[in-house]
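Q: Please find one structure pasted underneath; my questions will follow.
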Amino acid sequence: MKIATVTLIDKNIEKFNEDILVYFIPQEKNNKFEYLTNNSSINDQIDLAYKLGDFSGKEGQTLLLYPFDYMEESKENNITLPKRILAVGIGKININNDSKLNDYNEFVDILRKAGGSVSSIAAKVKAKTILVSIPDIANLINIPSDSENLTGNNLANNRDKYIDIDASAMNLPNIAQYIAEGILLGDYLFLKYKKEKPDEPHYNGLAEIKFYLENFSNSSSPSSSSNYSKTISKVRKSLKRASISAQAVYKARDMGNEPANEWRASDFAAYATKLAKKYKLNCTIIDKEKMKELGMGGIIAVNQGSSEPPKMVILEYQPKKDKVKSKKHKDEQNSNLKQEDVKQNQNLKEEGFEEKRETILLVGKGITFDSGGICLKQPTGMEDMKYDMCGGAAVLAVMQAVAQEMPNNIGVVAIVPATDNLSGGAAVKPGDIIRHYNGVTSEIINTDAEGRMVLADAIAYGIETFKPVCVVDIATLTGAAIIGLGHHYSAILGNNDELIKRLVEAANRAGEPLWRLPLGKEYTKQIESKVADIKNAGGKAAGTITAAAYLEHFVGKTPWAHIDIAGTAWEFTEKNYIPKGASGIGVRTFLELIRNWQTSLT
């Protein structure tokens, strides 16, 4: 679906006639609201609803108003007004002895969910355009709107006035971004295969979202005017970031929601090629013949039972003045240009560029349908195995956002090993032995443990080719992750504490929490084989960990993290900004990691 247009206006809102005007209201305190709107008529309506017990500003509460008196008053004064007024509760945010908000990330998600509530109401009334008042929460709790400058002793000496979180994060640009993310993410729909009924036309989501700063007025003083202009500029940038994030998540969800007969390995390749052309990324598609030549035994084995050929899809972004590839990768591309898929390789201009900067390698599992192969899955619920490519969808969607934002301090490479896993006559069998790209041999114990087999080749090839500062793989890898963590957290494992710390922090900011599981020689021992270097399954015990232990054989000394999204790629913890079906998990976590990247890992 087409994402809504997001704008910031600084004109008189009385000149706009939107379907809904939205206000975010903190929970009442001491039987009264400390902050409402700048319109007394609307405040009276909200206050009446409170007295009747219909609305108190609790998190998740909504109140939709059709204020007739307010409309009559506006007609007399020749004012054009929105058709509806929506109040959305954001809970207790005032500091007091009974309640403190100690977790800023929790508050961020409250704002996203408040935005999701807006989308839910908009869908119910089939709204096309909305006008959103950005709440000046910093002002509400006596933190100046330029609170990013409030640190050290000044903050410590006034601690009793503030929420117990970093005041610098409470500024208007951040608040605008989180609310916008919630509205946009909650507005997502997948209706591609639904026939529209003549008497019941589809609601296709919001067309336009306008934001304004009701409680941040321009003052006549030069300093206030300057501060206002800076704030307006920062809010516009934050809204753009929210839009870019949401667009990428939309694409990841779209890919995940496609049925397996409409989203194949070749579709991953076609999408990557399209992105490369549009944004001038480097794109390489490695086909089956080349995989055999390179010795990618994992992905070849998984693909054996399929009529659809596999693809290794590679997208690379490097800052403009630092776009240099390894000689090995360049030679492979040039030697293979005669093949149809690799003909689509884009923008291999390498002359005159300086040494490239650090590169992050992202690898996403692209199993477009997983039947389990010879070790066939149970039929019940097998239709959900179209989601087994959500890791691949996440890393390609991230590249769309990276290409739009063009970070100048880090390069990003995404690799998707793509195939389906079927049980045709030539399918790989339990007991078979394969040889991976790096020479490691593997005994196949379970053909339904195929994700680690395709990831292993991609990780080993990516590290050797791009020499990344770190590698992160993301995959719907094990049912054991669901048993251990349910649908609330994704599992994370790895060999570098600093990388995992950065990813956990990024995931918390994104509202996509991670939980670290251990690795070690005890688990590695579970996948030792008597006839090969390793085996692809270590039994029921610690299944998520032994899957990661398998991948660890292919990373060498490169800092590495593995994220298992089997429980969160779909059926993620219910949130009003995450729909049923594909969640788009991982996209915003990776964006947070990239946007906040600083220096090499220690």
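Chain identifiers are assigned as A, B, and so on, following the order in which chains appear in the structure tokens; residues are numbered from 1 within each chain, and ligands are numbered from 1 in order of appearance.
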Excluding A:His487 and its own-chain neighbours fewer than 6 positions away, which residues fall within 8 Å of it when counting only C-alpha atoms? Please give them as a list of chain:residue names.
A: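 Non-adjacent residues within range: A:Gly567, A:Thr568, A:Glu571, A:Phe572, A:Thr573.
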Q: Could you give me, as JSON lines, a per-residue list for stretch 260-292 of chain A showing, wherever an atom lies at most 8 Å from an atom of stretch 392-409 of chain A, the closest pair of atoms and their distance in Å to one decimal, using only C-alpha atoms and sorting by chain then residue number from low to high?
A:
{"residue": "A:Ala272", "atom": "CA", "partner": "A:Leu396", "partner_atom": "CA", "distance": 7.1}
{"residue": "A:Leu275", "atom": "CA", "partner": "A:Gln400", "partner_atom": "CA", "distance": 6.8}
{"residue": "A:Tyr279", "atom": "CA", "partner": "A:Ala403", "partner_atom": "CA", "distance": 6.0}
{"residue": "A:Leu281", "atom": "CA", "partner": "A:Ala403", "partner_atom": "CA", "distance": 7.5}
Q: Could you turn the residues from that selection into a file that holds C-alpha atoms, as a PDB file, in the first residue's frame?
A:
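Written output follows (result.pdb):
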ATOM      1  CA  ALA A 272      17.074  -5.987  -5.043  1.00  0.00           C
ATOM      2  CA  LEU A 275      16.404  -0.953  -5.415  1.00  0.00           C
ATOM      3  CA  TYR A 279      19.184   4.307  -5.359  1.00  0.00           C
ATOM      4  CA  LEU A 281      23.424   0.622  -4.877  1.00  0.00           C
TER       5      LEU A 281
END
Q: For A:Gly494, list every protein, DNA or RNA residue within 7 Å, evaluated using only C-alpha atoms, and leave out those in the same chain fewer than 6 positions away; present the list as a JSON list (two decimals) with C-alpha atoms, in the first residue's frame.
A:
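Wrote it out as out01.json, contents follow:
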[["chain", "number", "residue", "atom", "x", "y", "z"],
["A", 500, "ILE", "CA", 25.17, -7.48, 21.34],
["A", 560, "TRP", "CA", 28.98, -11.60, 15.12],
["A", 561, "ALA", "CA", 25.41, -11.68, 16.44],
["A", 562, "HIS", "CA", 22.55, -13.99, 15.53]]
Q: Go through stretch 280-322 of chain A and collect every residue that DSSP, computed from the backbone, puts in strand (DSSP E); the answer should be as a ChimeraX atom specification.
A: /A:282-286,311-317
Q: Generate a file of the selected residues that holds N, CA, C and O atoms, formatted as an mmCIF file, in the first residue's frame.
A:
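What follows is the written file again_25.cif:
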data_model
loop_
_atom_site.group_PDB
_atom_site.id
_atom_site.type_symbol
_atom_site.label_atom_id
_atom_site.label_comp_id
_atom_site.auth_asym_id
_atom_site.auth_seq_id
_atom_site.Cartn_x
_atom_site.Cartn_y
_atom_site.Cartn_z
ATOM 1 N N ASN A 282 25.110 -1.060 -5.199
ATOM 2 C CA ASN A 282 25.755 -2.166 -5.905
ATOM 3 C C ASN A 282 24.943 -3.438 -5.663
ATOM 4 O O ASN A 282 24.662 -3.788 -4.528
ATOM 5 N N CYS A 283 24.572 -4.118 -6.722
ATOM 6 C CA CYS A 283 23.750 -5.317 -6.614
ATOM 7 C C CYS A 283 24.411 -6.476 -7.342
ATOM 8 O O CYS A 283 24.843 -6.341 -8.485
ATOM 9 N N THR A 284 24.485 -7.614 -6.673
ATOM 10 C CA THR A 284 25.003 -8.837 -7.275
ATOM 11 C C THR A 284 24.017 -9.958 -7.017
ATOM 12 O O THR A 284 23.563 -10.120 -5.880
ATOM 13 N N ILE A 285 23.693 -10.712 -8.044
ATOM 14 C CA ILE A 285 22.846 -11.890 -7.899
ATOM 15 C C ILE A 285 23.679 -13.111 -8.294
ATOM 16 O O ILE A 285 24.095 -13.241 -9.440
ATOM 17 N N ILE A 286 23.958 -13.971 -7.333
ATOM 18 C CA ILE A 286 24.705 -15.202 -7.610
ATOM 19 C C ILE A 286 23.704 -16.315 -7.893
ATOM 20 O O ILE A 286 22.835 -16.604 -7.063
ATOM 21 N N LYS A 311 18.849 -18.203 -5.358
ATOM 22 C CA LYS A 311 19.568 -16.948 -5.650
ATOM 23 C C LYS A 311 20.286 -16.497 -4.381
ATOM 24 O O LYS A 311 19.743 -16.607 -3.278
ATOM 25 N N MET A 312 21.493 -16.018 -4.546
ATOM 26 C CA MET A 312 22.179 -15.327 -3.457
ATOM 27 C C MET A 312 22.140 -13.850 -3.819
ATOM 28 O O MET A 312 22.791 -13.419 -4.772
ATOM 29 N N VAL A 313 21.342 -13.086 -3.082
ATOM 30 C CA VAL A 313 21.078 -11.684 -3.404
ATOM 31 C C VAL A 313 21.953 -10.800 -2.527
ATOM 32 O O VAL A 313 21.924 -10.912 -1.293
ATOM 33 N N ILE A 314 22.717 -9.897 -3.149
ATOM 34 C CA ILE A 314 23.647 -9.038 -2.406
ATOM 35 C C ILE A 314 23.422 -7.581 -2.797
ATOM 36 O O ILE A 314 23.452 -7.236 -3.982
ATOM 37 N N LEU A 315 23.180 -6.743 -1.801
ATOM 38 C CA LEU A 315 23.084 -5.294 -2.009
ATOM 39 C C LEU A 315 24.133 -4.616 -1.154
ATOM 40 O O LEU A 315 24.300 -4.951 0.026
ATOM 41 N N GLU A 316 24.821 -3.651 -1.737
ATOM 42 C CA GLU A 316 25.886 -2.953 -1.003
ATOM 43 C C GLU A 316 25.721 -1.451 -1.100
ATOM 44 O O GLU A 316 25.527 -0.887 -2.180
ATOM 45 N N TYR A 317 25.790 -0.807 0.066
ATOM 46 C CA TYR A 317 25.843 0.662 0.136
ATOM 47 C C TYR A 317 27.164 1.064 0.770
ATOM 48 O O TYR A 317 27.556 0.522 1.817
#
Q: Report as a list in words all protein, DNA and RNA residues lying within 8 Å of A:Ser371, evaluated on only C-alpha atoms, omitting residues in the same chain fewer than 6 positions from it.
A: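 With the cut-off at 8 Å, the set is Lys377, Met382, Met385, Asn421, Leu422, Ser423 and Asp448 of chain A.
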Q: Please list as a VMD selection string every residue within 10 Å of A:Glu512, counting only C-alpha atoms and excluding residues in the same chain fewer than 2 positions away.
A: chain A and resid 109 488 to 490 504 to 510 514 568 572 to 573 585 to 589
Q: Would you mind exporting all heavy atoms of the selected residues as a compact mmCIF listing (two decimals), in the first residue's frame?
A:
# COMPACT_ATOMS: atom_id res chain seq x y z
N ASP A 109 7.50 3.52 23.63
CA ASP A 109 6.52 2.60 23.07
C ASP A 109 5.10 3.01 23.42
O ASP A 109 4.16 2.73 22.68
CB ASP A 109 6.80 1.17 23.53
CG ASP A 109 6.58 0.16 22.43
OD1 ASP A 109 6.96 0.46 21.28
OD2 ASP A 109 6.02 -0.91 22.69
N HIS A 488 7.14 -12.64 22.44
CA HIS A 488 7.38 -11.33 23.06
C HIS A 488 8.79 -10.80 22.83
O HIS A 488 9.00 -9.60 22.69
CB HIS A 488 7.10 -11.41 24.56
CG HIS A 488 5.83 -12.11 24.90
ND1 HIS A 488 4.60 -11.70 24.39
CD2 HIS A 488 5.57 -13.20 25.66
CE1 HIS A 488 3.65 -12.51 24.84
NE2 HIS A 488 4.22 -13.42 25.61
N TYR A 489 9.78 -11.69 22.82
CA TYR A 489 11.18 -11.31 22.62
C TYR A 489 11.75 -12.14 21.48
O TYR A 489 11.36 -13.29 21.27
CB TYR A 489 12.02 -11.60 23.86
CG TYR A 489 11.93 -10.58 24.96
CD1 TYR A 489 10.79 -10.50 25.76
CD2 TYR A 489 12.98 -9.70 25.22
CE1 TYR A 489 10.70 -9.56 26.78
CE2 TYR A 489 12.90 -8.77 26.25
CZ TYR A 489 11.75 -8.71 27.03
OH TYR A 489 11.67 -7.79 28.04
N SER A 490 12.70 -11.56 20.77
CA SER A 490 13.53 -12.34 19.85
C SER A 490 14.80 -12.74 20.59
O SER A 490 15.27 -12.01 21.47
CB SER A 490 13.91 -11.50 18.62
OG SER A 490 12.76 -11.06 17.92
N VAL A 504 20.94 -4.79 21.45
CA VAL A 504 19.90 -4.81 22.48
C VAL A 504 19.37 -3.41 22.72
O VAL A 504 18.16 -3.18 22.82
CB VAL A 504 20.43 -5.44 23.78
CG1 VAL A 504 19.44 -5.21 24.93
CG2 VAL A 504 20.66 -6.94 23.59
N GLU A 505 20.28 -2.43 22.79
CA GLU A 505 19.86 -1.04 22.99
C GLU A 505 19.05 -0.54 21.80
O GLU A 505 18.03 0.15 21.98
CB GLU A 505 21.09 -0.15 23.21
CG GLU A 505 21.78 -0.39 24.54
CD GLU A 505 23.08 0.38 24.68
OE1 GLU A 505 23.55 0.96 23.66
OE2 GLU A 505 23.65 0.40 25.79
N ALA A 506 19.49 -0.87 20.60
CA ALA A 506 18.76 -0.46 19.39
C ALA A 506 17.38 -1.09 19.36
O ALA A 506 16.38 -0.43 19.03
CB ALA A 506 19.56 -0.86 18.15
N ALA A 507 17.30 -2.36 19.73
CA ALA A 507 16.02 -3.06 19.73
C ALA A 507 15.07 -2.49 20.77
O ALA A 507 13.85 -2.37 20.53
CB ALA A 507 16.24 -4.55 19.99
N ASN A 508 15.59 -2.11 21.93
CA ASN A 508 14.75 -1.50 22.96
C ASN A 508 14.18 -0.18 22.49
O ASN A 508 13.01 0.13 22.72
CB ASN A 508 15.54 -1.31 24.25
CG ASN A 508 15.75 -2.61 25.01
OD1 ASN A 508 14.99 -3.56 24.82
ND2 ASN A 508 16.77 -2.66 25.84
N ARG A 509 15.01 0.62 21.82
CA ARG A 509 14.50 1.89 21.29
C ARG A 509 13.43 1.66 20.23
O ARG A 509 12.49 2.44 20.10
CB ARG A 509 15.65 2.72 20.69
CG ARG A 509 16.63 3.29 21.70
CD ARG A 509 17.55 4.33 21.08
NE ARG A 509 18.37 3.79 20.02
CZ ARG A 509 19.58 3.25 20.19
NH1 ARG A 509 20.08 3.15 21.42
NH2 ARG A 509 20.28 2.80 19.18
N ALA A 510 13.57 0.58 19.49
CA ALA A 510 12.63 0.29 18.40
C ALA A 510 11.38 -0.42 18.88
O ALA A 510 10.43 -0.59 18.10
CB ALA A 510 13.33 -0.56 17.34
N LEU A 514 15.07 -7.79 22.55
CA LEU A 514 15.91 -8.98 22.38
C LEU A 514 16.26 -9.55 23.75
O LEU A 514 16.40 -8.80 24.73
CB LEU A 514 17.20 -8.62 21.64
CG LEU A 514 17.05 -8.04 20.24
CD1 LEU A 514 18.41 -7.55 19.73
CD2 LEU A 514 16.47 -9.07 19.28
N THR A 568 8.60 -13.86 16.56
CA THR A 568 8.21 -12.45 16.43
C THR A 568 8.02 -11.98 14.98
O THR A 568 7.51 -10.89 14.76
CB THR A 568 9.27 -11.55 17.09
OG1 THR A 568 10.56 -11.87 16.56
CG2 THR A 568 9.28 -11.75 18.60
N PHE A 572 3.58 -11.50 16.53
CA PHE A 572 4.33 -10.75 17.53
C PHE A 572 3.36 -10.27 18.62
O PHE A 572 2.16 -10.14 18.38
CB PHE A 572 5.00 -9.55 16.83
CG PHE A 572 6.02 -8.82 17.67
CD1 PHE A 572 6.61 -9.40 18.78
CD2 PHE A 572 6.41 -7.53 17.32
CE1 PHE A 572 7.57 -8.72 19.52
CE2 PHE A 572 7.36 -6.84 18.06
CZ PHE A 572 7.93 -7.43 19.17
N THR A 573 3.88 -10.02 19.81
CA THR A 573 3.08 -9.50 20.92
C THR A 573 2.12 -8.44 20.40
O THR A 573 2.55 -7.48 19.73
CB THR A 573 3.99 -8.86 21.99
OG1 THR A 573 4.89 -9.85 22.47
CG2 THR A 573 3.17 -8.33 23.15
N ILE A 585 9.58 -7.23 11.75
CA ILE A 585 10.55 -7.20 12.87
C ILE A 585 11.98 -7.14 12.34
O ILE A 585 12.29 -7.73 11.31
CB ILE A 585 10.36 -8.45 13.75
CG1 ILE A 585 11.10 -8.31 15.09
CG2 ILE A 585 10.80 -9.71 13.03
CD1 ILE A 585 10.34 -7.56 16.11
N GLY A 586 12.81 -6.38 13.02
CA GLY A 586 14.23 -6.29 12.68
C GLY A 586 14.58 -5.05 11.89
O GLY A 586 15.69 -4.52 12.03
N VAL A 587 13.66 -4.55 11.10
CA VAL A 587 13.96 -3.41 10.24
C VAL A 587 14.35 -2.20 11.08
O VAL A 587 15.41 -1.59 10.87
CB VAL A 587 12.76 -3.06 9.33
CG1 VAL A 587 13.02 -1.76 8.58
CG2 VAL A 587 12.47 -4.19 8.35
N ARG A 588 13.51 -1.85 12.05
CA ARG A 588 13.79 -0.64 12.83
C ARG A 588 14.94 -0.85 13.81
O ARG A 588 15.66 0.10 14.14
CB ARG A 588 12.52 -0.17 13.54
CG ARG A 588 11.48 0.37 12.55
CD ARG A 588 10.20 0.87 13.19
NE ARG A 588 9.52 -0.15 13.95
CZ ARG A 588 9.42 -0.17 15.28
NH1 ARG A 588 9.95 0.80 16.00
NH2 ARG A 588 8.78 -1.13 15.89
N THR A 589 15.14 -2.08 14.27
CA THR A 589 16.31 -2.36 15.11
C THR A 589 17.60 -2.10 14.34
O THR A 589 18.52 -1.44 14.83
CB THR A 589 16.27 -3.82 15.60
OG1 THR A 589 15.17 -4.00 16.49
CG2 THR A 589 17.56 -4.19 16.32
Q: Restricting the calculation to only C-alpha atoms: of A:Leu185, A:Ala248, A:Leu64, A:Leu206, which residue gets closest to A:Phe590?
A: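 Smallest separation from A:Phe590 among the options: A:Ala248.
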Q: Give me the residues within 9 Å of A:Gln598 as a ChimeraX atom specification, counting only C-alpha atoms and dropping any in the same chain fewer than 3 places off.
A: /A:409-410,594-595
Q: Tell me, as a list of chain:residue names, which residues lie within 9 Å of A:Gly411, counting only C-alpha atoms; anything in the same chain fewer than 3 positions away does not count.
A: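 Residues meeting the cut-off are A:Glu316, A:Tyr317, A:Gln318, A:Pro319, A:Asp322, A:Lys323, A:Lys356, A:Arg357, A:Glu358, A:Thr359, A:Ile360, A:Leu361, A:Pro407, A:Asn408, A:Pro468.
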Q: Determine which residues of stretch 235-299 of chain A receive a DSSP assignment of helix (DSSP H, G or I), computed from the backbone, and state them as an MDAnalysis selection string.
A: chainID A and resid 235:257 265:279 288:294 297:299
Q: What is the atom CA of A:Ala569-atom CA of A:Gly364 distance in Å, reported with one decimal?
A: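 Pair atom CA of A:Ala569 / atom CA of A:Gly364 returns 12.3 Å.
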Q: In Å, with one decimal, what is the gap from atom CA of A:Pro310 to atom CA of A:Met291?
A: 8.9 Å
Q: Atom CA of A:Asn171 to atom CA of A:Ile90: how many Å, to one decimal?
A: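 Here the two named atoms are 16.3 Å from each other.
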Q: With distances taken over only C-alpha atoms, which of A:Thr7, A:Asn257, A:Ser133, A:Gly57 is nearest to A:Ser238?
A: A:Thr7
Q: From the set A:Pro173, A:Gly556, A:Pro259, A:Pro201, which residue has the shortest atom-to-atom contact distance to A:Thr231, counting only C-alpha atoms?
A: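 So, comparing all the options, the nearest one is A:Pro173.
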